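The file query-v2.cif contains mmCIF, C-alpha atoms and all ligand atoms:
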data_upload
loop_
_atom_site.label_atom_id
_atom_site.label_comp_id
_atom_site.auth_asym_id
_atom_site.auth_seq_id
_atom_site.Cartn_x
_atom_site.Cartn_y
_atom_site.Cartn_z
CA MET L 12 25.04 15.35 -16.45
CA GLU L 13 28.35 16.34 -14.86
CA LYS L 14 29.83 14.46 -11.94
CA SER L 15 29.26 16.97 -9.14
CA SER L 16 31.14 18.20 -6.15
CA ARG L 17 29.91 16.75 -2.87
CA ILE L 18 26.24 17.44 -2.12
CA ALA L 19 25.72 19.21 1.21
CA PRO L 20 23.57 17.21 3.67
CA PRO L 21 20.43 18.48 5.42
CA SER L 22 21.31 21.17 7.99
CA PRO L 23 23.21 19.68 10.98
CA ASP L 24 22.20 22.71 13.08
CA VAL L 25 18.49 22.16 12.44
CA ALA L 26 18.98 18.42 13.04
CA ALA L 27 20.48 19.26 16.46
CA LEU L 28 17.53 21.54 17.31
CA ALA L 29 15.08 18.85 16.21
CA HIS L 30 16.80 16.26 18.39
CA GLU L 31 16.70 18.69 21.29
CA ARG L 32 12.93 19.05 20.84
CA LEU L 33 12.54 15.28 20.47
CA ALA L 34 14.45 14.71 23.72
CA GLY L 35 12.23 17.24 25.51
CA LEU L 36 8.86 15.78 24.45
CA ALA L 37 6.41 14.47 27.04
CA THR L 38 7.54 10.90 26.41
CA PRO L 39 10.31 8.85 28.01
CA PRO L 40 13.55 9.59 26.10
CA GLY L 41 13.79 7.36 23.05
CA ALA L 42 10.25 5.99 23.53
CA LEU L 43 9.22 7.06 20.04
CA GLY L 44 12.10 5.05 18.61
CA ARG L 45 12.75 5.54 14.94
CA VAL L 46 9.48 7.44 14.47
CA GLY L 47 10.94 10.32 16.47
CA GLU L 48 14.22 10.12 14.56
CA LEU L 49 12.32 10.36 11.28
CA GLY L 50 10.56 13.51 12.42
CA ALA L 51 13.96 15.04 13.23
CA TRP L 52 15.25 13.95 9.82
CA VAL L 53 12.35 15.66 8.03
CA ALA L 54 12.88 18.81 10.11
CA ALA L 55 16.55 18.92 9.10
CA ALA L 56 15.66 18.34 5.44
CA GLN L 57 13.11 21.18 5.60
CA GLY L 58 15.40 23.42 7.65
CA GLU L 59 12.64 24.02 10.19
CA VAL L 60 11.65 22.79 13.71
CA PRO L 61 9.00 21.56 14.07
CA PRO L 62 8.75 20.20 10.51
CA ARG L 63 5.84 21.18 8.28
CA PRO L 64 3.22 18.49 7.56
CA LEU L 65 4.04 16.49 4.41
CA ASP L 66 1.00 17.65 2.42
CA ASP L 67 2.58 17.74 -1.03
CA VAL L 68 4.12 14.37 -1.88
CA ARG L 69 4.80 13.37 -5.50
CA LEU L 70 5.66 10.03 -7.01
CA VAL L 71 7.03 9.68 -10.53
CA VAL L 72 6.84 6.20 -12.08
CA PHE L 73 9.49 5.83 -14.81
CA ALA L 74 8.28 3.35 -17.43
CA GLY L 75 10.26 1.55 -20.10
CA ASP L 76 10.78 -1.77 -21.83
CA HIS L 77 13.93 -3.86 -21.69
CA GLY L 78 15.48 -6.02 -24.42
CA VAL L 79 16.25 -8.77 -21.90
CA ALA L 80 12.51 -9.39 -21.47
CA ALA L 81 12.60 -11.43 -24.69
CA HIS L 82 15.20 -13.78 -23.15
CA GLY L 83 13.24 -15.59 -20.45
CA VAL L 84 14.19 -13.44 -17.44
CA SER L 85 10.66 -12.55 -16.31
CA ALA L 86 7.59 -14.57 -15.38
CA TYR L 87 5.46 -12.18 -17.49
CA PRO L 88 5.39 -11.01 -21.13
CA ALA L 89 6.62 -7.55 -22.13
CA ALA L 90 3.07 -6.54 -23.14
CA ILE L 91 2.35 -6.08 -19.42
CA THR L 92 4.37 -2.85 -19.42
CA GLU L 93 1.96 -1.03 -21.73
CA ALA L 94 -1.07 -2.51 -19.95
CA MET L 95 0.23 -1.37 -16.55
CA VAL L 96 1.03 2.16 -17.75
CA ARG L 97 -2.60 2.40 -18.84
CA THR L 98 -3.71 0.93 -15.52
CA ILE L 99 -1.74 3.54 -13.57
CA VAL L 100 -3.25 6.30 -15.70
CA ALA L 101 -6.69 4.80 -14.95
CA GLY L 102 -5.88 4.84 -11.21
CA LYS L 103 -6.33 1.08 -10.87
CA ALA L 104 -2.80 -0.15 -10.15
CA GLY L 105 -1.35 -1.30 -6.83
CA VAL L 106 0.51 1.96 -6.40
CA THR L 107 -2.41 4.21 -7.31
CA ALA L 108 -4.65 2.50 -4.74
CA LEU L 109 -2.01 3.14 -2.07
CA ALA L 110 -1.38 6.67 -3.31
CA GLN L 111 -5.06 7.48 -3.09
CA ALA L 112 -5.18 6.11 0.45
CA HIS L 113 -2.20 8.21 1.52
CA GLY L 114 -2.65 11.41 -0.50
CA VAL L 115 0.25 11.05 -2.92
CA SER L 116 0.09 12.47 -6.42
CA VAL L 117 1.29 10.01 -9.08
CA THR L 118 2.67 10.71 -12.54
CA VAL L 119 3.70 7.89 -14.86
CA LEU L 120 6.24 8.84 -17.54
CA ASP L 121 6.74 6.88 -20.75
CA VAL L 122 10.52 7.08 -21.02
CA ALA L 123 11.10 4.02 -23.20
CA VAL L 124 7.96 1.87 -23.50
CA ASP L 125 7.98 -0.21 -26.70
CA ALA L 126 4.32 0.39 -27.47
CA ASP L 127 2.86 3.54 -28.97
CA LEU L 128 1.07 5.30 -26.10
CA SER L 129 0.42 8.54 -27.93
CA ASP L 130 -3.32 8.35 -27.18
CA LEU L 131 -2.47 8.98 -23.50
CA PRO L 132 -2.13 12.51 -22.06
CA ALA L 133 0.99 14.47 -23.09
CA GLU L 134 2.22 14.61 -19.49
CA VAL L 135 2.71 10.82 -19.78
CA THR L 136 4.08 10.58 -23.31
CA ALA L 137 5.71 13.86 -24.35
CA ARG L 138 9.21 13.05 -23.07
CA LYS L 139 9.81 9.63 -24.57
CA VAL L 140 13.53 8.99 -25.18
CA ARG L 141 13.26 5.83 -27.29
CA ARG L 142 11.33 2.57 -27.68
CA GLY L 143 12.76 -0.06 -25.35
CA SER L 144 16.41 -0.44 -24.34
CA GLY L 145 18.98 -2.94 -25.65
CA ALA L 146 19.30 -6.50 -24.28
CA ILE L 147 22.28 -5.92 -22.00
CA HIS L 148 23.88 -9.36 -22.40
CA LEU L 149 24.07 -8.84 -26.18
CA GLU L 150 24.52 -5.10 -26.69
CA ASP L 151 24.62 -1.79 -24.86
CA ALA L 152 21.27 -0.68 -23.48
CA LEU L 153 21.72 2.87 -24.78
CA SER L 154 24.15 5.23 -26.48
CA ARG L 155 25.96 7.74 -24.26
CA GLU L 156 23.84 10.49 -25.81
CA GLU L 157 20.68 8.63 -24.84
CA VAL L 158 21.96 8.27 -21.29
CA GLU L 159 22.62 12.01 -21.12
CA ALA L 160 19.15 12.75 -22.55
CA SER L 161 17.52 10.41 -20.01
CA LEU L 162 19.49 11.87 -17.09
CA ALA L 163 18.49 15.37 -18.22
CA LEU L 164 14.85 14.32 -18.53
CA GLY L 165 14.78 12.97 -14.97
CA ALA L 166 16.52 16.09 -13.67
CA THR L 167 14.04 18.35 -15.47
CA VAL L 168 11.07 16.48 -14.03
CA ALA L 169 12.48 16.69 -10.49
CA GLY L 170 13.16 20.40 -10.95
CA GLU L 171 9.62 21.03 -12.13
CA LEU L 172 8.11 19.23 -9.15
CA VAL L 173 10.35 21.10 -6.71
CA ASP L 174 9.46 24.43 -8.35
CA ASP L 175 5.81 23.46 -8.02
CA GLY L 176 6.16 23.04 -4.25
CA ALA L 177 6.73 19.30 -3.77
CA GLN L 178 7.93 18.64 -0.21
CA LEU L 179 8.83 14.99 -0.65
CA LEU L 180 9.53 13.00 -3.81
CA MET L 181 9.39 9.28 -4.60
CA THR L 182 10.55 7.23 -7.57
CA GLY L 183 8.73 4.21 -8.95
CA ASP L 184 9.44 1.85 -11.85
CA LEU L 185 7.47 0.00 -14.46
CA GLY L 186 8.82 -2.30 -17.15
CA ILE L 187 8.84 -6.06 -17.55
CA GLY L 188 12.41 -7.34 -17.22
CA ASN L 189 13.65 -4.30 -15.31
CA THR L 190 14.93 -6.27 -12.29
CA THR L 191 17.62 -7.69 -14.61
CA PRO L 192 19.39 -4.41 -15.58
CA ALA L 193 18.81 -3.04 -12.06
CA ALA L 194 20.54 -6.07 -10.52
CA ALA L 195 23.34 -5.86 -13.11
CA LEU L 196 23.95 -2.20 -12.24
CA VAL L 197 24.15 -3.02 -8.53
CA ALA L 198 26.59 -5.86 -9.29
CA ALA L 199 28.76 -3.62 -11.49
CA VAL L 200 28.93 -0.69 -9.06
CA LEU L 201 29.45 -2.81 -5.95
CA GLY L 202 31.67 -5.45 -7.58
CA LEU L 203 29.36 -8.39 -6.82
CA PRO L 204 28.95 -11.63 -8.79
CA ALA L 205 25.69 -12.34 -10.69
CA ASP L 206 24.75 -15.10 -8.19
CA GLU L 207 24.46 -12.61 -5.35
CA VAL L 208 22.25 -10.06 -7.10
CA THR L 209 19.84 -12.28 -9.04
CA GLY L 210 16.35 -12.41 -7.55
CA ARG L 211 12.98 -13.83 -8.51
CA GLY L 212 11.50 -10.56 -9.82
CA THR L 213 7.86 -11.16 -10.74
CA GLY L 214 8.26 -14.78 -9.55
CA ILE L 215 10.40 -16.75 -11.99
CA ASP L 216 10.93 -20.47 -11.35
CA ASP L 217 14.30 -22.14 -10.80
CA ASP L 218 15.06 -22.50 -14.53
CA GLY L 219 14.14 -18.86 -15.06
CA TRP L 220 16.42 -17.84 -12.19
CA VAL L 221 19.37 -19.64 -13.80
CA ARG L 222 18.61 -17.98 -17.17
CA LYS L 223 18.40 -14.58 -15.49
CA ARG L 224 21.63 -15.16 -13.54
CA ASP L 225 23.38 -16.15 -16.78
CA VAL L 226 22.08 -13.07 -18.60
CA ILE L 227 23.43 -10.87 -15.79
CA ALA L 228 26.77 -12.74 -15.70
CA THR L 229 27.16 -12.46 -19.50
CA ALA L 230 26.28 -8.76 -19.39
CA LEU L 231 28.84 -8.12 -16.64
CA GLN L 232 31.49 -10.01 -18.60
CA ARG L 233 30.62 -8.18 -21.83
CA VAL L 234 31.19 -4.75 -20.30
CA GLU L 235 34.07 -5.57 -17.99
CA GLY L 236 36.21 -2.54 -17.20
CA ARG L 237 33.71 -0.03 -18.58
CA THR L 238 31.51 0.50 -15.56
CA ASP L 239 33.75 2.72 -13.41
CA ASP L 240 32.12 5.72 -15.04
CA PRO L 241 28.43 5.81 -14.00
CA VAL L 242 27.27 7.22 -17.34
CA ASP L 243 29.08 4.45 -19.21
CA GLY L 244 27.62 1.94 -16.74
CA LEU L 245 24.08 3.14 -17.51
CA ALA L 246 24.77 2.95 -21.26
CA ALA L 247 26.15 -0.57 -20.98
CA LEU L 248 23.87 -2.15 -18.40
CA GLY L 249 20.97 0.21 -17.67
CA SER L 250 18.06 1.57 -19.66
CA ALA L 251 16.50 4.93 -20.46
CA ASP L 252 13.93 4.66 -17.63
CA LEU L 253 16.62 3.76 -15.09
CA ALA L 254 18.88 6.60 -16.29
CA ALA L 255 15.97 9.04 -15.98
CA THR L 256 15.43 7.82 -12.42
CA VAL L 257 19.11 8.48 -11.67
CA GLY L 258 18.83 12.02 -13.05
CA PHE L 259 15.72 12.61 -10.92
CA LEU L 260 17.53 11.48 -7.75
CA VAL L 261 20.63 13.58 -8.43
CA GLU L 262 18.61 16.72 -9.12
CA SER L 263 16.29 16.37 -6.14
CA SER L 264 19.26 16.13 -3.77
CA ARG L 265 20.96 19.07 -5.50
CA ARG L 266 17.75 21.01 -4.88
CA GLY L 267 17.63 19.90 -1.23
CA VAL L 268 14.36 17.98 -1.40
CA PRO L 269 14.06 14.64 0.41
CA VAL L 270 13.22 11.42 -1.42
CA LEU L 271 11.60 8.25 -0.11
CA LEU L 272 13.06 5.38 -2.16
CA ASP L 273 11.15 2.27 -3.23
CA GLY L 274 12.36 -1.24 -4.14
CA LEU L 275 15.14 -2.64 -6.30
CA MET L 276 14.96 -0.25 -9.26
CA SER L 277 14.72 2.85 -7.08
CA VAL L 278 17.62 1.82 -4.81
CA ALA L 279 19.80 0.57 -7.70
CA CYS L 280 19.39 3.99 -9.31
CA ALA L 281 20.20 5.59 -5.97
CA VAL L 282 23.53 3.73 -5.91
CA VAL L 283 24.36 5.10 -9.37
CA ALA L 284 23.15 8.59 -8.41
CA GLU L 285 25.40 8.56 -5.34
CA ALA L 286 28.33 7.70 -7.63
CA ILE L 287 27.50 10.73 -9.83
CA ALA L 288 26.75 13.06 -6.93
CA PRO L 289 28.58 11.94 -3.77
CA GLY L 290 26.67 12.87 -0.62
CA ALA L 291 23.27 12.81 -2.36
CA SER L 292 22.18 9.83 -0.27
CA ALA L 293 21.90 12.07 2.80
CA TRP L 294 18.62 13.26 1.24
CA TRP L 295 17.12 9.78 0.90
CA LEU L 296 15.23 7.35 3.08
CA ALA L 297 14.45 3.77 2.12
CA GLY L 298 10.72 3.06 2.19
CA HIS L 299 10.86 -0.71 2.42
CA ARG L 300 12.99 -3.81 2.15
CA SER L 301 12.16 -5.63 -1.07
CA THR L 302 12.63 -9.39 -1.37
CA GLU L 303 15.23 -8.76 -4.12
CA PRO L 304 18.79 -9.57 -2.94
CA ALA L 305 20.32 -6.77 -5.03
CA GLN L 306 18.20 -4.23 -3.17
CA ALA L 307 19.62 -5.46 0.14
CA HIS L 308 23.18 -5.00 -1.15
CA ALA L 309 22.33 -1.56 -2.52
CA LEU L 310 20.71 -0.45 0.76
CA LYS L 311 23.75 -1.61 2.71
CA SER L 312 26.13 0.28 0.45
CA LEU L 313 24.09 3.46 0.97
CA ASP L 314 23.83 2.78 4.73
CA LEU L 315 20.02 2.95 4.54
CA GLU L 316 17.76 0.99 6.88
CA PRO L 317 14.28 0.60 5.37
CA LEU L 318 11.20 1.85 7.23
CA LEU L 319 9.13 -1.23 6.40
CA ASP L 320 10.00 -4.90 5.93
CA VAL L 321 6.71 -6.48 4.89
CA GLY L 322 7.67 -8.74 2.00
CA MET L 323 6.64 -6.35 -0.79
CA ARG L 324 8.07 -6.90 -4.32
CA LEU L 325 5.76 -4.95 -6.56
CA GLY L 326 7.72 -1.89 -7.57
CA GLU L 327 5.77 1.05 -9.10
CA GLY L 328 6.80 3.09 -6.03
CA SER L 329 4.37 1.08 -3.89
CA GLY L 330 6.82 0.43 -1.04
CA ALA L 331 7.66 4.11 -0.77
CA VAL L 332 3.99 5.11 -0.65
CA ALA L 333 3.23 2.38 1.91
CA ALA L 334 5.99 3.78 4.17
CA LEU L 335 4.76 7.38 4.02
CA PRO L 336 2.48 7.12 7.10
CA VAL L 337 5.52 6.18 9.22
CA LEU L 338 7.34 9.30 8.05
CA ARG L 339 4.25 11.44 8.64
CA SER L 340 4.00 9.96 12.14
CA GLY L 341 7.47 11.33 12.85
CA VAL L 342 6.39 14.78 11.68
CA ALA L 343 3.22 14.63 13.80
CA VAL L 344 5.02 13.81 17.04
CA LEU L 345 7.52 16.62 16.64
CA ARG L 346 4.69 19.04 15.87
CA ASP L 347 1.93 17.99 18.25
CA VAL L 348 3.40 16.40 21.39
CA ALA L 349 3.80 18.75 24.35
CA LEU L 350 7.18 19.28 25.98
CA LEU L 351 7.65 17.64 29.38
CA SER L 352 8.66 21.08 30.70
CA GLU L 353 5.22 22.43 29.68
CA ILE L 354 3.20 19.79 31.55
CA MET L 355 5.37 19.59 34.70
CA PRO L 356 5.37 22.79 36.71
CA SER L 357 8.90 23.33 38.00
C1 LIG L 401 0.96 -7.26 -13.45
C2 LIG L 401 2.29 -6.65 -13.05
C3 LIG L 401 2.32 -5.38 -12.48
C4 LIG L 401 3.54 -4.83 -12.08
N1 LIG L 401 3.84 -3.65 -11.50
C5 LIG L 401 5.13 -3.58 -11.32
N2 LIG L 401 5.74 -4.69 -11.75
C6 LIG L 401 7.16 -4.90 -11.59
O1 LIG L 401 7.56 -6.17 -12.11
C7 LIG L 401 8.38 -6.02 -13.26
C8 LIG L 401 9.79 -6.43 -12.94
O2 LIG L 401 9.94 -7.80 -12.67
P1 LIG L 401 10.66 -8.75 -13.75
O3 LIG L 401 12.05 -8.26 -13.87
O4 LIG L 401 10.55 -10.12 -13.15
O5 LIG L 401 9.88 -8.63 -15.02
C9 LIG L 401 8.32 -4.58 -13.62
O6 LIG L 401 7.28 -4.30 -14.50
C10 LIG L 401 8.10 -3.93 -12.29
O7 LIG L 401 7.62 -2.62 -12.39
C11 LIG L 401 4.77 -5.50 -12.25
C12 LIG L 401 4.74 -6.76 -12.85
C13 LIG L 401 3.51 -7.34 -13.25
C14 LIG L 401 3.50 -8.71 -13.90
O1 LIG L 402 11.96 -4.59 -5.55
C1 LIG L 402 11.07 -4.24 -6.35
O2 LIG L 402 10.66 -3.06 -6.37
C2 LIG L 402 10.50 -5.20 -7.34
C3 LIG L 402 10.69 -6.55 -7.19
C4 LIG L 402 10.15 -7.42 -8.12
C5 LIG L 402 9.44 -6.93 -9.18
N1 LIG L 402 9.26 -5.61 -9.32
C6 LIG L 402 9.77 -4.75 -8.41
#
Full structure transcribed into structure tokens:
Amino acid sequence: MEKSSRIAPPSPDVAALAHERLAGLATPPGALGRVGELGAWVAAAQGEVPPRPLDDVRLVVFAGDHGVAAHGVSAYPAAITEAMVRTIVAGKAGVTALAQAHGVSVTVLDVAVDADLSDLPAEVTARKVRRGSGAIHLEDALSREEVEASLALGATVAGELVDDGAQLLMTGDLGIGNTTPAAALVAAVLGLPADEVTGRGTGIDDDGWVRKRDVIATALQRVEGRTDDPVDGLAALGSADLAATVGFLVESSRRGVPVLLDGLMSVACAVVAEAIAPGASAWWLAGHRSTEPAQAHALKSLDLEPLLDVGMRLGEGSGAVAALPVLRSGVAVLRDVALLSEIMPS
């Protein structure tokens, strides 16, 4: 994937029209707060005032295993990754319950799960890049070719969903250990020390936190000087599933389709995607504030203020799906509230 010229933002002219409508609604000015602003944002992204209802919303969960999982950085064993992919397919995961409640279509993609999932439907398994990704404190996660293949895979998936009429996209993650490479990527791109990006992930104890911090610090030291180039950064510190997520985010913004981001993995990939395609972040909203410190740094660097702050730290895209009703509320008010000029005879 080539580094691109600057991505054009949603239409400023339509944004101005949407704000004009918002200001004229039969509410005191500003009374709808950020909900009104979100409606205007969706209108600008769609190029239409009022915005169309968000009826076609798609979440892609990028699944993969991570070599670091064998080094005491997670509270759970790597076998959970396979079990949770199957649980998403069965519609019994946290994210699928939320998606069903809010009318979001979910696809889980086996990008780099260690286990053989070939008994699952081809839409889940057909695009596997490799089994697992390297333990980043000991070796590169991927070759450059594998990064390019993963970026292309994510871009292809985004393109297919856009061609199929998706109005809003979301990215989710699955893979025990994935908060370690995600935090390392954030540290590398933003120039932060391991201490500031290391979180508790699935709930590691104090000893686990120190091990995880040391793995991230060793990884950052190992690759020093190589992470200015985002593709090299993904090869050194990322994984195939994270690289696919980056490709998905770059392509969706190139295609002018908005994305609601999720927790740490989603926002870490957004930081890398913005480095590949400057300006892409104008097409993204942050669904929620995760408890992971690296996500907070990543959000700040992208100048994104999350819609929800409710202590979620699940991943899978769950925080993006949970935030969708707030975004839809913004669309509803711009569509269905009368103008003050209509209800007050002059
Ligand atoms: C049952 C279960 C379901 C999950 N769904 C998402 N994650 C999340 O937690 C993992 C990342 O945290 P860490 O880096 O600490 O391993 C990933 O699988 C992520 O998707 C889960 C984790 C578990 C245990
Ligand atoms: O921020 C997240 O999405 C997250 C945090 C912990 C574990 N899994 C995901």
Would you place a box with edges along x, y and z of the file around all atoms of segment 134-151 of chain L listed there, add 4 Å to each of its six sides, and report the centre and edge lengths in Å to one decimal, as JSON?
{"center_x": 13.4, "center_y": 2.6, "center_z": -23.6, "size_x": 30.4, "size_y": 32.0, "size_z": 16.2}
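Nearest residue to Pro269 of chain L, choosing from L:Val283, L:Ala195, L:Ala246, L:Leu338 and counting only C-alpha atoms: L:Leu338.
Identified as lying at most 6 Å from ligand LIG 402 (chain L) when counting all atoms listed in the file are the residues L:Gly212, L:Thr213, L:Gly274, L:Leu275, L:Met276, L:Ser301, L:Glu303, L:Arg324, L:Leu325, L:Gly326.
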Generate the output file for the selected residues, C-alpha atoms, as a PDB file, in the coordinates of the input.
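Output (selection.pdb):
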ATOM      1  CA  GLY L 212      11.500 -10.560  -9.820  1.00  0.00           C
ATOM      2  CA  THR L 213       7.860 -11.160 -10.740  1.00  0.00           C
ATOM      3  CA  GLY L 274      12.360  -1.240  -4.140  1.00  0.00           C
ATOM      4  CA  LEU L 275      15.140  -2.640  -6.300  1.00  0.00           C
ATOM      5  CA  MET L 276      14.960  -0.250  -9.260  1.00  0.00           C
ATOM      6  CA  SER L 301      12.160  -5.630  -1.070  1.00  0.00           C
ATOM      7  CA  GLU L 303      15.230  -8.760  -4.120  1.00  0.00           C
ATOM      8  CA  ARG L 324       8.070  -6.900  -4.320  1.00  0.00           C
ATOM      9  CA  LEU L 325       5.760  -4.950  -6.560  1.00  0.00           C
ATOM     10  CA  GLY L 326       7.720  -1.890  -7.570  1.00  0.00           C
TER      11      GLY L 326
END
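By chain and then residue number, the residues within 10 Å of Ala284 of chain L are Lys14, Leu162, Pro241, Val242, Ala254, Thr256, Val257, Gly258, Phe259, Leu260, Val261, Glu262, Ser264, Val278, Gly290, Ala291 and Ser292 of chain L, counting all atoms listed in the file and disregarding those fewer than 6 positions away in sequence.
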**OP:** Anything within 9 Å of (16.4, 0.4, 7.9): list those residues as a PyMOL selection string, counting only C-alpha atoms and sticking to the file's coordinates.
**Re:** chain L and resi 296-300+310+314-320
I need the residues from that last selection saved to file as a short mmCIF file (atom, residue, chain, number, x, y, z; two decimals), in the coordinates of the input (with C-alpha atoms), if you can.
data_model
loop_
_atom_site.label_atom_id
_atom_site.label_comp_id
_atom_site.auth_asym_id
_atom_site.auth_seq_id
_atom_site.Cartn_x
_atom_site.Cartn_y
_atom_site.Cartn_z
CA LEU L 296 15.23 7.35 3.08
CA ALA L 297 14.45 3.77 2.12
CA GLY L 298 10.72 3.06 2.19
CA HIS L 299 10.86 -0.71 2.42
CA ARG L 300 12.99 -3.81 2.15
CA LEU L 310 20.71 -0.45 0.76
CA ASP L 314 23.83 2.78 4.73
CA LEU L 315 20.02 2.95 4.54
CA GLU L 316 17.76 0.99 6.88
CA PRO L 317 14.28 0.60 5.37
CA LEU L 318 11.20 1.85 7.23
CA LEU L 319 9.13 -1.23 6.40
CA ASP L 320 10.00 -4.90 5.93
#
Can you list every residue of chain L that has an atom at most 6 Å from ligand LIG 401 (chain L), with its nearest atom pair and the distance in Å to one decimal, using only C-alpha atoms and all ligand atoms, ordered by chain then number, as a Markdown table?
| residue | atom | partner | partner_atom | distance |
| --- | --- | --- | --- | --- |
| L:Ser85 | CA | L:LIG401 | O4 | 4.0 |
| L:Ala86 | CA | L:LIG401 | O4 | 5.8 |
| L:Tyr87 | CA | L:LIG401 | C14 | 5.4 |
| L:Thr92 | CA | L:LIG401 | O6 | 5.9 |
| L:Asp184 | CA | L:LIG401 | O7 | 4.9 |
| L:Leu185 | CA | L:LIG401 | O7 | 3.3 |
| L:Gly186 | CA | L:LIG401 | O6 | 3.7 |
| L:Ile187 | CA | L:LIG401 | O5 | 3.8 |
| L:Gly188 | CA | L:LIG401 | O3 | 3.5 |
| L:Asn189 | CA | L:LIG401 | O3 | 4.5 |
| L:Thr190 | CA | L:LIG401 | O3 | 3.8 |
| L:Thr191 | CA | L:LIG401 | O3 | 5.6 |
| L:Gly212 | CA | L:LIG401 | O4 | 3.5 |
| L:Thr213 | CA | L:LIG401 | O4 | 3.8 |
| L:Leu325 | CA | L:LIG401 | C5 | 5.0 |
| L:Gly326 | CA | L:LIG401 | C5 | 4.9 |
| L:Glu327 | CA | L:LIG401 | C5 | 5.2 |
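Interatomic distance, atom CA of Val337 of chain L to atom CA of Ser277 of chain L: 19.0 Å.
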